[in-house]
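Visitor: This is the structure I have questions about; it appears just below.
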Amino acid sequence: MYGTEEFKSTIEAKKRECIGNLIFSFIERMVGIERAPKICGMIIALPFVELVSTILTLDGLRQKVY
């Protein structure tokens, strides 16, 4: 069974993956297909609390993209 820290990091990685999947098409529409993967990756690599606060509003996400 997973140790507590290992379990937490696995859950956080899955959350980041889900968030990335959800925001990718929005980012792609804003910056194009060439830049979207890199920008999306940079956003989901933010500290988790900052990531969550960024995606709470479209304006917050736009500010991180631009």
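By order of appearance in the structure tokens: chains A, B, ..., then residues from 1 within every chain, and ligands from 1 in the order shown.
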Would you list the contacts of region 19-24 of chain A as a ChimeraX atom specification, taking every protein, DNA or RNA residue within 7 Å and counting only C-alpha atoms, but skipping same-chain residues closer than 6 positions in sequence?
Guide: /A:36,40,44
Visitor: Please provide the set of residues having any atom within 12 Å of region 49-52 of chain A, restricted to only C-alpha atoms, with same-chain residues fewer than 6 positions apart removed, written as a PyMOL selection string.
Guide: chain A and resi 12+15-20+23+40-43+58+60-61+64
Visitor: With distances taken over only C-alpha atoms, which residue among A:Ile11, A:Ile33, A:Ile39, A:Ala45 lies nearest Gln63 (chain A)?
Guide: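 Ranking A:Ile11, A:Ile33, A:Ile39, A:Ala45 by distance to Gln63 (chain A), first place goes to A:Ile39.
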Visitor: Just the alpha helix (DSSP H) stuff from chain A, please, per backbone DSSP, written as a PyMOL selection string.
Guide: chain A and resi 4-31+36-44+48-55+58-65
Visitor: Quick one, how far is CA of Ile27 (chain A) from CA of Ile55 (chain A)?
Guide: 11.5 Å
Visitor: In Å to one decimal, how far is CA of Arg35 (chain A) from CA of Leu56 (chain A)?
Guide: 22.1 Å
